[in-house]
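Printed here is protein.cif (mmCIF, C-alpha atoms, pLDDT in the B column; chains and numbers go by the auth columns):
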```cif
data_my_file
loop_
_atom_site.group_PDB
_atom_site.id
_atom_site.type_symbol
_atom_site.label_atom_id
_atom_site.label_comp_id
_atom_site.label_asym_id
_atom_site.label_seq_id
_atom_site.Cartn_x
_atom_site.Cartn_y
_atom_site.Cartn_z
_atom_site.B_iso_or_equiv
_atom_site.auth_seq_id
_atom_site.auth_asym_id
ATOM 1 C CA GLU A 1 -10.366 -11.541 -4.799 86.00 1 T
ATOM 2 C CA LEU A 2 -10.080 -9.938 -8.205 92.00 2 T
ATOM 3 C CA TYR A 3 -13.340 -10.427 -10.047 94.00 3 T
ATOM 4 C CA GLY A 4 -12.879 -11.703 -13.598 94.00 4 T
ATOM 5 C CA LEU A 5 -9.154 -12.431 -13.238 95.00 5 T
ATOM 6 C CA HIS A 6 -9.394 -16.044 -14.369 94.00 6 T
ATOM 7 C CA GLN A 7 -11.212 -15.069 -17.564 94.00 7 T
ATOM 8 C CA ALA A 8 -9.003 -12.026 -18.164 96.00 8 T
ATOM 9 C CA LEU A 9 -5.596 -13.659 -17.663 96.00 9 T
ATOM 10 C CA GLY A 10 -5.034 -14.510 -21.324 96.00 10 T
ATOM 11 C CA GLU A 11 -5.896 -11.025 -22.560 97.00 11 T
ATOM 12 C CA ILE A 12 -3.919 -9.350 -19.760 97.00 12 T
ATOM 13 C CA SER A 13 -0.813 -11.327 -20.715 96.00 13 T
ATOM 14 C CA LYS A 14 -1.376 -10.723 -24.419 96.00 14 T
ATOM 15 C CA LYS A 15 -1.801 -6.950 -24.043 95.00 15 T
ATOM 16 C CA ASP A 16 0.732 -6.758 -21.196 97.00 16 T
ATOM 17 C CA GLN A 17 -1.842 -4.537 -19.512 97.00 17 T
ATOM 18 C CA ALA A 18 -4.576 -4.864 -16.885 97.00 18 T
ATOM 19 C CA LEU A 19 -7.517 -2.506 -16.522 97.00 19 T
ATOM 20 C CA VAL A 20 -8.796 -2.199 -12.939 97.00 20 T
ATOM 21 C CA VAL A 21 -12.328 -0.871 -12.444 95.00 21 T
ATOM 22 C CA GLU A 22 -14.477 -0.422 -9.347 90.00 22 T
ATOM 23 C CA GLY A 23 -17.369 -2.864 -9.798 89.00 23 T
ATOM 24 C CA TYR A 24 -18.052 -6.303 -11.186 91.00 24 T
ATOM 25 C CA MET A 25 -20.845 -4.936 -13.397 92.00 25 T
ATOM 26 C CA ASP A 26 -18.225 -2.727 -15.056 93.00 26 T
ATOM 27 C CA VAL A 27 -16.120 -5.821 -15.794 95.00 27 T
ATOM 28 C CA ILE A 28 -19.146 -7.547 -17.334 95.00 28 T
ATOM 29 C CA ALA A 29 -20.083 -4.536 -19.471 94.00 29 T
ATOM 30 C CA LEU A 30 -16.515 -4.108 -20.727 96.00 30 T
ATOM 31 C CA ALA A 31 -16.240 -7.816 -21.563 96.00 31 T
ATOM 32 C CA GLN A 32 -19.521 -7.642 -23.493 95.00 32 T
ATOM 33 C CA ALA A 33 -18.057 -4.722 -25.461 95.00 33 T
ATOM 34 C CA GLY A 34 -14.925 -6.722 -26.281 95.00 34 T
ATOM 35 C CA ILE A 35 -12.563 -5.326 -23.631 96.00 35 T
ATOM 36 C CA GLU A 36 -11.464 -8.494 -21.880 96.00 36 T
ATOM 37 C CA ASN A 37 -8.459 -7.409 -19.792 97.00 37 T
ATOM 38 C CA ALA A 38 -10.555 -5.762 -17.035 97.00 38 T
ATOM 39 C CA VAL A 39 -10.855 -6.891 -13.417 97.00 39 T
ATOM 40 C CA ALA A 40 -12.393 -5.450 -10.239 95.00 40 T
ATOM 41 C CA ALA A 41 -11.591 -5.784 -6.547 89.00 41 T
ATOM 42 C CA LEU A 42 -14.294 -7.610 -4.617 84.00 42 T
ATOM 43 C CA GLY A 43 -15.209 -6.653 -1.095 71.00 43 T
ATOM 44 C CA THR A 44 -12.344 -4.239 -0.502 73.00 44 T
ATOM 45 C CA ALA A 45 -10.161 -1.570 -2.059 85.00 45 T
ATOM 46 C CA THR A 46 -7.378 -2.559 -4.424 92.00 46 T
ATOM 47 C CA THR A 47 -4.797 -4.135 -2.123 93.00 47 T
ATOM 48 C CA PRO A 48 -1.037 -4.750 -2.432 94.00 48 T
ATOM 49 C CA THR A 49 -1.847 -8.430 -2.970 93.00 49 T
ATOM 50 C CA HIS A 50 -4.117 -7.577 -5.920 95.00 50 T
ATOM 51 C CA ILE A 51 -1.421 -5.371 -7.440 96.00 51 T
ATOM 52 C CA ASP A 52 1.355 -7.937 -7.022 95.00 52 T
ATOM 53 C CA ARG A 53 -0.868 -10.584 -8.603 95.00 53 T
ATOM 54 C CA LEU A 54 -1.532 -8.379 -11.629 97.00 54 T
ATOM 55 C CA PHE A 55 2.089 -7.335 -12.031 97.00 55 T
ATOM 56 C CA ARG A 56 3.030 -11.002 -12.238 95.00 56 T
ATOM 57 C CA GLN A 57 0.938 -11.153 -15.417 96.00 57 T
ATOM 58 C CA CYS A 58 1.749 -7.789 -17.037 97.00 58 T
ATOM 59 C CA ASN A 59 3.900 -4.677 -16.732 97.00 59 T
ATOM 60 C CA GLU A 60 1.153 -2.040 -16.886 97.00 60 T
ATOM 61 C CA ILE A 61 -1.919 -1.440 -14.741 98.00 61 T
ATOM 62 C CA ILE A 62 -4.487 1.228 -15.565 97.00 62 T
ATOM 63 C CA PHE A 63 -6.910 2.140 -12.793 96.00 63 T
ATOM 64 C CA CYS A 64 -10.164 3.373 -14.327 95.00 64 T
ATOM 65 C CA PHE A 65 -12.364 4.851 -11.617 92.00 65 T
ATOM 66 C CA ASP A 66 -15.356 7.152 -11.379 89.00 66 T
ATOM 67 C CA GLY A 67 -14.550 10.838 -11.171 86.00 67 T
ATOM 68 C CA ASP A 68 -16.555 11.389 -7.973 88.00 68 T
ATOM 69 C CA ARG A 69 -15.074 11.700 -4.497 89.00 69 T
ATOM 70 C CA ALA A 70 -15.367 7.994 -3.728 88.00 70 T
ATOM 71 C CA GLY A 71 -13.636 7.108 -6.985 89.00 71 T
ATOM 72 C CA ARG A 72 -10.757 9.488 -6.289 92.00 72 T
ATOM 73 C CA GLN A 73 -10.356 8.155 -2.772 92.00 73 T
ATOM 74 C CA ALA A 74 -10.228 4.617 -4.157 92.00 74 T
ATOM 75 C CA ALA A 75 -7.637 5.721 -6.706 94.00 75 T
ATOM 76 C CA TRP A 76 -5.424 7.266 -4.049 95.00 76 T
ATOM 77 C CA ARG A 77 -5.533 4.099 -1.943 94.00 77 T
ATOM 78 C CA ALA A 78 -4.614 2.118 -5.047 95.00 78 T
ATOM 79 C CA LEU A 79 -1.691 4.459 -5.690 96.00 79 T
ATOM 80 C CA GLU A 80 -0.387 4.093 -2.134 96.00 80 T
ATOM 81 C CA ASN A 81 -0.684 0.310 -2.356 96.00 81 T
ATOM 82 C CA SER A 82 1.076 0.280 -5.737 97.00 82 T
ATOM 83 C CA LEU A 83 4.215 2.128 -4.652 97.00 83 T
ATOM 84 C CA PRO A 84 6.131 -0.834 -3.119 96.00 84 T
ATOM 85 C CA SER A 85 5.565 -2.831 -6.338 96.00 85 T
ATOM 86 C CA MET A 86 6.754 -0.118 -8.735 96.00 86 T
ATOM 87 C CA ARG A 87 10.012 -1.671 -9.821 94.00 87 T
ATOM 88 C CA ASP A 88 11.653 -0.354 -12.971 93.00 88 T
ATOM 89 C CA GLY A 89 9.848 -1.532 -16.091 93.00 89 T
ATOM 90 C CA ARG A 90 6.422 -1.450 -14.451 96.00 90 T
ATOM 91 C CA GLN A 91 3.871 1.268 -15.078 97.00 91 T
ATOM 92 C CA ALA A 92 0.665 2.369 -13.395 97.00 92 T
ATOM 93 C CA SER A 93 -1.779 5.014 -14.624 97.00 93 T
ATOM 94 C CA PHE A 94 -5.052 6.545 -13.464 97.00 94 T
ATOM 95 C CA MET A 95 -8.069 7.404 -15.567 95.00 95 T
ATOM 96 C CA PHE A 96 -11.051 9.297 -14.117 94.00 96 T
ATOM 97 C CA LEU A 97 -14.363 9.140 -15.914 92.00 97 T
ATOM 98 C CA PRO A 98 -16.560 12.214 -16.432 90.00 98 T
ATOM 99 C CA GLU A 99 -19.056 13.113 -13.717 85.00 99 T
ATOM 100 C CA GLY A 100 -22.010 10.746 -13.690 85.00 100 T
ATOM 101 C CA GLU A 101 -20.273 8.112 -15.821 88.00 101 T
ATOM 102 C CA ASP A 102 -18.876 4.717 -14.958 87.00 102 T
ATOM 103 C CA PRO A 103 -17.173 2.181 -17.250 90.00 103 T
ATOM 104 C CA ASP A 104 -20.501 0.438 -17.839 88.00 104 T
ATOM 105 C CA THR A 105 -22.262 3.547 -19.184 90.00 105 T
ATOM 106 C CA PHE A 106 -19.167 5.028 -20.810 93.00 106 T
ATOM 107 C CA VAL A 107 -18.316 2.000 -22.938 93.00 107 T
ATOM 108 C CA ARG A 108 -21.920 1.838 -24.143 91.00 108 T
ATOM 109 C CA LYS A 109 -21.695 5.489 -25.161 92.00 109 T
ATOM 110 C CA LEU A 110 -18.258 5.391 -26.832 93.00 110 T
ATOM 111 C CA GLY A 111 -18.032 1.794 -27.998 94.00 111 T
ATOM 112 C CA ARG A 112 -15.017 -0.472 -27.616 94.00 112 T
ATOM 113 C CA ASP A 113 -12.534 1.496 -29.719 95.00 113 T
ATOM 114 C CA GLY A 114 -13.655 4.878 -28.397 95.00 114 T
ATOM 115 C CA PHE A 115 -13.358 3.703 -24.808 95.00 115 T
ATOM 116 C CA ILE A 116 -9.872 2.254 -25.342 94.00 116 T
ATOM 117 C CA GLU A 117 -8.722 5.420 -27.104 94.00 117 T
ATOM 118 C CA ARG A 118 -10.042 7.615 -24.281 93.00 118 T
ATOM 119 C CA VAL A 119 -8.329 5.501 -21.638 93.00 119 T
ATOM 120 C CA GLN A 120 -5.005 5.561 -23.472 91.00 120 T
ATOM 121 C CA LYS A 121 -5.087 9.307 -24.100 92.00 121 T
ATOM 122 C CA GLN A 122 -6.411 10.520 -20.759 92.00 122 T
ATOM 123 C CA SER A 123 -4.710 8.174 -18.304 95.00 123 T
ATOM 124 C CA MET A 124 -2.348 10.010 -15.964 96.00 124 T
ATOM 125 C CA PRO A 125 0.925 8.254 -15.081 96.00 125 T
ATOM 126 C CA LEU A 126 1.360 7.422 -11.403 96.00 126 T
ATOM 127 C CA PRO A 127 4.283 9.847 -10.784 95.00 127 T
ATOM 128 C CA GLU A 128 2.405 12.765 -12.338 95.00 128 T
ATOM 129 C CA TYR A 129 -0.818 11.961 -10.490 96.00 129 T
ATOM 130 C CA MET A 130 0.970 11.552 -7.171 96.00 130 T
ATOM 131 C CA LEU A 131 2.790 14.895 -7.313 95.00 131 T
ATOM 132 C CA LYS A 132 -0.256 16.715 -8.641 95.00 132 T
ATOM 133 C CA HIS A 133 -2.445 15.332 -5.862 95.00 133 T
ATOM 134 C CA LEU A 134 0.093 16.128 -3.144 96.00 134 T
ATOM 135 C CA ALA A 135 0.533 19.693 -4.404 95.00 135 T
ATOM 136 C CA GLU A 136 -3.200 20.472 -4.443 94.00 136 T
ATOM 137 C CA GLY A 137 -3.949 23.517 -2.302 93.00 137 T
ATOM 138 C CA ILE A 138 -0.264 24.237 -1.603 94.00 138 T
ATOM 139 C CA ASP A 139 1.244 27.597 -2.554 95.00 139 T
ATOM 140 C CA LEU A 140 4.601 26.598 -4.009 94.00 140 T
ATOM 141 C CA GLN A 141 5.651 30.239 -4.178 93.00 141 T
ATOM 142 C CA ARG A 142 6.059 30.132 -0.397 93.00 142 T
ATOM 143 C CA LEU A 143 9.002 28.517 1.343 93.00 143 T
ATOM 144 C CA ASP A 144 6.753 26.812 3.871 94.00 144 T
ATOM 145 C CA GLY A 145 4.619 25.564 0.974 94.00 145 T
ATOM 146 C CA LYS A 146 7.663 23.923 -0.605 94.00 146 T
ATOM 147 C CA ALA A 147 8.568 22.411 2.766 93.00 147 T
ATOM 148 C CA ARG A 148 5.038 21.086 3.167 95.00 148 T
ATOM 149 C CA LEU A 149 5.151 19.377 -0.230 95.00 149 T
ATOM 150 C CA ALA A 150 8.480 17.768 0.614 93.00 150 T
ATOM 151 C CA GLY A 151 7.012 16.543 3.901 93.00 151 T
ATOM 152 C CA LEU A 152 3.948 15.059 2.209 94.00 152 T
ATOM 153 C CA ALA A 153 6.044 13.365 -0.465 94.00 153 T
ATOM 154 C CA LYS A 154 8.491 11.877 2.016 92.00 154 T
ATOM 155 C CA PRO A 155 6.463 8.828 3.157 93.00 155 T
ATOM 156 C CA MET A 156 5.340 8.154 -0.416 94.00 156 T
ATOM 157 C CA LEU A 157 8.861 8.124 -1.822 93.00 157 T
ATOM 158 C CA ASN A 158 10.068 5.954 1.036 93.00 158 T
ATOM 159 C CA LYS A 159 7.611 3.267 -0.104 94.00 159 T
ATOM 160 C CA LEU A 160 9.176 3.102 -3.555 94.00 160 T
ATOM 161 C CA PRO A 161 11.901 0.540 -4.219 94.00 161 T
ATOM 162 C CA ARG A 162 15.263 1.867 -5.329 92.00 162 T
ATOM 163 C CA GLY A 163 15.497 2.464 -9.045 93.00 163 T
ATOM 164 C CA ALA A 164 15.085 4.916 -11.888 94.00 164 T
ATOM 165 C CA LEU A 165 11.504 5.854 -10.987 94.00 165 T
ATOM 166 C CA LYS A 166 12.468 6.920 -7.477 93.00 166 T
ATOM 167 C CA THR A 167 15.434 8.882 -8.832 92.00 167 T
ATOM 168 C CA LEU A 168 13.293 10.655 -11.420 93.00 168 T
ATOM 169 C CA LEU A 169 10.643 11.503 -8.836 93.00 169 T
ATOM 170 C CA LEU A 170 13.322 12.989 -6.599 92.00 170 T
ATOM 171 C CA HIS A 171 14.491 15.069 -9.568 93.00 171 T
ATOM 172 C CA GLN A 172 10.956 16.309 -10.238 93.00 172 T
ATOM 173 C CA LEU A 173 10.363 17.062 -6.581 93.00 173 T
ATOM 174 C CA SER A 174 13.670 18.891 -6.479 93.00 174 T
ATOM 175 C CA GLU A 175 12.457 21.266 -9.185 93.00 175 T
ATOM 176 C CA MET A 176 9.154 21.850 -7.395 94.00 176 T
ATOM 177 C CA THR A 177 10.659 22.531 -3.959 92.00 177 T
ATOM 178 C CA ALA A 178 13.954 24.229 -4.959 90.00 178 T
ATOM 179 C CA MET A 179 15.798 21.644 -2.844 90.00 179 T
ATOM 180 C CA SER A 180 18.698 19.693 -4.286 89.00 180 T
ATOM 181 C CA GLU A 181 18.226 16.004 -4.952 86.00 181 T
ATOM 182 C CA GLN A 182 20.930 15.280 -2.379 88.00 182 T
ATOM 183 C CA GLU A 183 19.055 17.305 0.251 88.00 183 T
ATOM 184 C CA LEU A 184 15.808 15.480 -0.541 87.00 184 T
ATOM 185 C CA ALA A 185 17.509 12.085 -0.465 85.00 185 T
ATOM 186 C CA SER A 186 19.043 12.990 2.898 86.00 186 T
ATOM 187 C CA LEU A 187 15.607 14.036 4.171 83.00 187 T
ATOM 188 C CA MET A 188 14.116 10.699 3.095 80.00 188 T
ATOM 189 C CA GLN A 189 16.961 8.774 4.721 78.00 189 T
ATOM 190 C CA GLU A 190 16.605 10.779 7.930 67.00 190 T
ATOM 191 C CA SER A 191 12.904 9.891 8.067 52.00 191 T
ATOM 192 C CA THR A 192 13.583 6.186 7.508 52.00 192 T
ATOM 193 C CA THR A 193 16.332 6.100 10.137 51.00 193 T
ATOM 194 C CA ARG A 194 14.185 7.867 12.702 52.00 194 T
ATOM 195 C CA ALA A 195 11.253 5.517 12.049 50.00 195 T
ATOM 196 C CA ALA A 196 13.500 2.477 12.397 51.00 196 T
ATOM 197 C CA ALA A 197 14.930 3.824 15.664 52.00 197 T
ATOM 198 C CA GLY A 198 11.433 4.441 16.991 54.00 198 T
ATOM 199 C CA THR A 199 10.334 0.869 16.354 52.00 199 T
ATOM 200 C CA ALA A 200 13.539 -0.791 17.515 51.00 200 T
ATOM 201 C CA VAL A 201 13.049 -3.031 20.528 49.00 201 T
ATOM 202 C CA LYS A 202 15.448 -2.346 23.343 51.00 202 T
ATOM 203 C CA PRO A 203 17.187 -5.470 24.645 49.00 203 T
ATOM 204 C CA GLY A 204 15.204 -7.090 27.364 49.00 204 T
ATOM 205 C CA LYS A 205 12.246 -4.689 27.199 47.00 205 T
ATOM 206 C CA ALA A 206 9.916 -6.880 25.144 45.00 206 T
ATOM 207 C CA THR A 207 10.637 -10.091 27.010 42.00 207 T
ATOM 208 C CA ALA A 208 11.273 -8.835 30.506 43.00 208 T
ATOM 209 C CA LYS A 209 8.293 -9.990 32.542 49.00 209 T
ATOM 210 C CA LYS A 210 8.196 -10.247 36.283 51.00 210 T
ATOM 211 C CA GLN A 211 7.485 -13.803 37.243 56.00 211 T
ATOM 212 C CA ASN A 212 6.310 -14.796 40.679 66.00 212 T
ATOM 213 C CA LEU A 213 7.890 -17.674 42.547 68.00 213 T
ATOM 214 C CA ILE A 214 5.278 -20.185 41.406 69.00 214 T
ATOM 215 C CA GLY A 215 5.688 -19.076 37.809 73.00 215 T
ATOM 216 C CA LYS A 216 9.447 -19.482 37.951 73.00 216 T
ATOM 217 C CA THR A 217 9.093 -22.917 39.474 74.00 217 T
ATOM 218 C CA LEU A 218 6.583 -24.077 36.876 74.00 218 T
ATOM 219 C CA SER A 219 8.809 -22.770 34.098 72.00 219 T
ATOM 220 C CA LEU A 220 11.765 -24.682 35.525 72.00 220 T
ATOM 221 C CA LEU A 221 9.725 -27.860 35.849 73.00 221 T
ATOM 222 C CA LEU A 222 8.424 -27.593 32.291 74.00 222 T
ATOM 223 C CA HIS A 223 11.984 -27.459 30.997 70.00 223 T
ATOM 224 C CA GLN A 224 13.299 -30.108 33.405 72.00 224 T
ATOM 225 C CA PRO A 225 10.362 -32.355 34.412 72.00 225 T
ATOM 226 C CA ALA A 226 12.607 -34.891 36.163 69.00 226 T
ATOM 227 C CA MET A 227 13.296 -32.365 38.924 69.00 227 T
ATOM 228 C CA ALA A 228 9.706 -32.769 40.187 68.00 228 T
ATOM 229 C CA GLN A 229 10.652 -36.179 41.580 67.00 229 T
ATOM 230 C CA GLU A 230 13.498 -34.689 43.591 66.00 230 T
ATOM 231 C CA ILE A 231 11.500 -31.922 45.332 64.00 231 T
ATOM 232 C CA ASP A 232 9.231 -32.405 48.332 63.00 232 T
ATOM 233 C CA GLY A 233 6.696 -29.962 49.681 61.00 233 T
ATOM 234 C CA LEU A 234 5.828 -28.016 46.524 57.00 234 T
ATOM 235 C CA GLU A 235 2.661 -26.916 48.291 59.00 235 T
ATOM 236 C CA GLN A 236 4.851 -24.708 50.491 59.00 236 T
ATOM 237 C CA LEU A 237 5.378 -22.403 47.496 56.00 237 T
ATOM 238 C CA ARG A 238 1.742 -21.368 47.699 57.00 238 T
ATOM 239 C CA LEU A 239 2.192 -20.348 51.323 58.00 239 T
ATOM 240 C CA ILE A 240 5.283 -18.325 50.462 55.00 240 T
ATOM 241 C CA GLU A 241 3.478 -16.574 47.622 52.00 241 T
ATOM 242 C CA ASP A 242 0.446 -15.853 49.815 55.00 242 T
ATOM 243 C CA ARG A 243 2.652 -14.220 52.438 55.00 243 T
ATOM 244 C CA LYS A 244 4.315 -12.033 49.761 52.00 244 T
ATOM 245 C CA SER A 245 0.944 -10.859 48.456 52.00 245 T
ATOM 246 C CA THR A 246 -0.238 -9.727 51.886 53.00 246 T
ATOM 247 C CA ARG A 247 2.757 -7.469 52.541 55.00 247 T
#
```
Kindly transcribe the structure held in the file into C-alpha cells.
Amino acid sequence: ELYGLHQALGEISKKDQALVVEGYMDVIALAQAGIENAVAALGTATTPTHIDRLFRQCNEIIFCFDGDRAGRQAAWRALENSLPSMRDGRQASFMFLPEGEDPDTFVRKLGRDGFIERVQKQSMPLPEYMLKHLAEGIDLQRLDGKARLAGLAKPMLNKLPRGALKTLLLHQLSEMTAMSEQELASLMQESTTRAAAGTAVKPGKATAKKQNLIGKTLSLLLHQPAMAQEIDGLEQLRLIEDRKSTR
C-alpha cells in the first residue's frame, strides 16, 4: 500500500506531482507542515504497482530519500521500477537529503517553503541520475570503460517504452561512449532478441511428458468416460505395468 494516498490524492492531482518518502512518519510530518502531496510505501520498496498508481493521478513523481546507503539503494530500486512507466510526458526525479536528515527533521528545520524550494532545486531528473549512477567508478577515457557503461545501460534502456525519452537517453549515452546511436540501438535490439530466444519454448518440450500405460488409459477415460463400459479387465493394466517396472 501507499501510506497517505487517500488523503493526498486531491493535492497530488492539483499539483500534478507526488512526493514519495521512505516512512509514514515523514508523511505525517510533511502534512503537519502543509505539504500534503506526500506518500510512503508500506512494508516494501516502491513497486511498479505503486508507481503506476501515482502516474494515474499526476505526471511527476519526486522520490525524496535519505542520503545514506539504504536511502540510495531504495532510490535505485525505485528508478528501476519506474522505467517501464516512463512514457513521454511523465517525469521522475530523485532528491537525497543531507547526512543525518530525513524529511521529518528537514521540514522542521527549513519550514514548508524552504523544504519545497530545496526539493525543486536539488532534485535530479531520472535520466541524469541513472547515467551518473551507472558511470560511477568507470574510467570513460578507456575503451573497455565505455563498453562497460554501454553494457550496464543496456538492460535499463530496454525497460523503457519507445519514445522521446529513450531516444534522448540513447543520444546522451552515444556521447559518453563514442558509439553512434544506431550502434547502441542495434546493441539493445541484439540483447532483446537474444533474451527472447533464450526464453522461447521449443515445440513439445514443455508439454512432452512420458506417461505410463495406466496414465494414458486414465487420460483417455477422463475424456471419453463412456468407453469404461466397453472395456473388461482393466485390472490387467496393473499387471502389465508391474511387469514393465521389473525389467
Resolved residues for the PyMOL selection byres ((chain T and resi 158) around 10) as a list in words: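 With the shown file as input, the PyMOL selection byres ((chain T and resi 158) around 10) matches Leu83, Pro84, Ala153, Lys154, Pro155, Met156, Leu157, Lys159, Leu160, Pro161, Arg162, Lys166, Ala185, Met188, Gln189, Ser191 and Thr192 of chain T.
Of the listed residues T:Pro125, T:Ala38, T:Ile61, T:Val27, the one whose atoms come nearest to Glu11 (chain T) is T:Ala38, with distances taken using all atoms listed in the file.
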Need to verify the contact set: region 3-5 of chain T, 10 Å, only C-alpha atoms, exclusion of same-chain residues closer than 2 positions in sequence. Can you return it as a PyMOL selection string? chain T and resi 1+7-12+18+20-21+23-25+27-28+31+36-43+53-54
Neighbours of point (8.9, 20.6, 3.3) within 12 Å, using all atoms listed in the file, written as a compact mmCIF listing (two decimals) with C-alpha atoms, in the coordinates of the input:
```txt
# COMPACT_ATOMS: atom_id res chain seq x y z
CA LEU T 134 0.09 16.13 -3.14
CA ALA T 135 0.53 19.69 -4.40
CA ILE T 138 -0.26 24.24 -1.60
CA ASP T 139 1.24 27.60 -2.55
CA LEU T 140 4.60 26.60 -4.01
CA ARG T 142 6.06 30.13 -0.40
CA LEU T 143 9.00 28.52 1.34
CA ASP T 144 6.75 26.81 3.87
CA GLY T 145 4.62 25.56 0.97
CA LYS T 146 7.66 23.92 -0.60
CA ALA T 147 8.57 22.41 2.77
CA ARG T 148 5.04 21.09 3.17
CA LEU T 149 5.15 19.38 -0.23
CA ALA T 150 8.48 17.77 0.61
CA GLY T 151 7.01 16.54 3.90
CA LEU T 152 3.95 15.06 2.21
CA ALA T 153 6.04 13.36 -0.46
CA LYS T 154 8.49 11.88 2.02
CA LEU T 173 10.36 17.06 -6.58
CA SER T 174 13.67 18.89 -6.48
CA MET T 176 9.15 21.85 -7.40
CA THR T 177 10.66 22.53 -3.96
CA ALA T 178 13.95 24.23 -4.96
CA MET T 179 15.80 21.64 -2.84
CA GLU T 183 19.06 17.30 0.25
CA LEU T 184 15.81 15.48 -0.54
CA LEU T 187 15.61 14.04 4.17
CA MET T 188 14.12 10.70 3.10
```
Rank nothing, just name the residue among T:Met86, T:Cys58, T:Ile35, T:Ala45 nearest to Pro103 (chain T), using all atoms listed in the file.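 Ranked by minimum distance to Pro103 (chain T), first place goes to T:Ile35.
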For Ala164 (chain T), which residue out of T:Met95, T:Lys216, T:Pro127, T:Leu79 is the nearest one, using all atoms listed in the file? T:Pro127
Interatomic distance (Å, one decimal) between CA of Asn59 (chain T) and CA of Asp16 (chain T):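 So the answer is 5.9 Å.
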Given the file shown, enumerate the residues that the PyMOL selection byres ((chain T and resi 118) around 12) captures and present them as a PDB file with C-alpha atoms, in the coordinates of the input.
```pdb
ATOM      1  CA  CYS T  64     -10.164   3.373 -14.327  1.00 95.00           C
ATOM      2  CA  PHE T  94      -5.052   6.545 -13.464  1.00 97.00           C
ATOM      3  CA  MET T  95      -8.069   7.404 -15.567  1.00 95.00           C
ATOM      4  CA  PHE T  96     -11.051   9.297 -14.117  1.00 94.00           C
ATOM      5  CA  LEU T  97     -14.363   9.140 -15.914  1.00 92.00           C
ATOM      6  CA  PRO T  98     -16.560  12.214 -16.432  1.00 90.00           C
ATOM      7  CA  PRO T 103     -17.173   2.181 -17.250  1.00 90.00           C
ATOM      8  CA  PHE T 106     -19.167   5.028 -20.810  1.00 93.00           C
ATOM      9  CA  VAL T 107     -18.316   2.000 -22.938  1.00 93.00           C
ATOM     10  CA  LYS T 109     -21.695   5.489 -25.161  1.00 92.00           C
ATOM     11  CA  LEU T 110     -18.258   5.391 -26.832  1.00 93.00           C
ATOM     12  CA  GLY T 111     -18.032   1.794 -27.998  1.00 94.00           C
ATOM     13  CA  ARG T 112     -15.017  -0.472 -27.616  1.00 94.00           C
ATOM     14  CA  ASP T 113     -12.534   1.496 -29.719  1.00 95.00           C
ATOM     15  CA  GLY T 114     -13.655   4.878 -28.397  1.00 95.00           C
ATOM     16  CA  PHE T 115     -13.358   3.703 -24.808  1.00 95.00           C
ATOM     17  CA  ILE T 116      -9.872   2.254 -25.342  1.00 94.00           C
ATOM     18  CA  GLU T 117      -8.722   5.420 -27.104  1.00 94.00           C
ATOM     19  CA  VAL T 119      -8.329   5.501 -21.638  1.00 93.00           C
ATOM     20  CA  GLN T 120      -5.005   5.561 -23.472  1.00 91.00           C
ATOM     21  CA  LYS T 121      -5.087   9.307 -24.100  1.00 92.00           C
ATOM     22  CA  GLN T 122      -6.411  10.520 -20.759  1.00 92.00           C
ATOM     23  CA  SER T 123      -4.710   8.174 -18.304  1.00 95.00           C
ATOM     24  CA  MET T 124      -2.348  10.010 -15.964  1.00 96.00           C
TER      25      MET T 124
END
```
Between CA of Gln32 (chain T) and CA of Ile51 (chain T) lies a distance of 24.3 Å
Hey, can I get the axis-aligned box for region 128-146 of chain T? All listed atoms, 3 Å padding on each side, centre and edge lengths in Å to one decimal, as JSON.
```
{"center_x": 2.5, "center_y": 20.9, "center_z": -4.2, "size_x": 19.0, "size_y": 24.7, "size_z": 22.2}
```
Pick out the closest residue to Gly67 (chain T) from this set: T:Asp26, T:Glu128, T:Glu101, T:Glu136. Count only C-alpha atoms.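 The closest residue to Gly67 (chain T) is T:Glu101.
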Using Å and a single decimal, report how far CA of Ala33 (chain T) sits from CA of Thr46 (chain T).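 Interatomic distance, CA of Thr46 (chain T) to CA of Ala33 (chain T): 23.7 Å.
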From T:His223, T:Glu60, T:Thr47, T:Ala29, residue lying nearest Ser13 (chain T) [all atoms listed in the file]: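 Of T:His223, T:Glu60, T:Thr47, T:Ala29, the one nearest Ser13 (chain T) is T:Glu60, counting all atoms listed in the file.
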Which is closer to His50 (chain T) than all the others in T:Ala75, T:Leu19, T:Leu218, T:Leu2, using all atoms listed in the file?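 Checking each of T:Ala75, T:Leu19, T:Leu218, T:Leu2 against His50 (chain T), counting all atoms listed in the file, the winner is T:Leu2.
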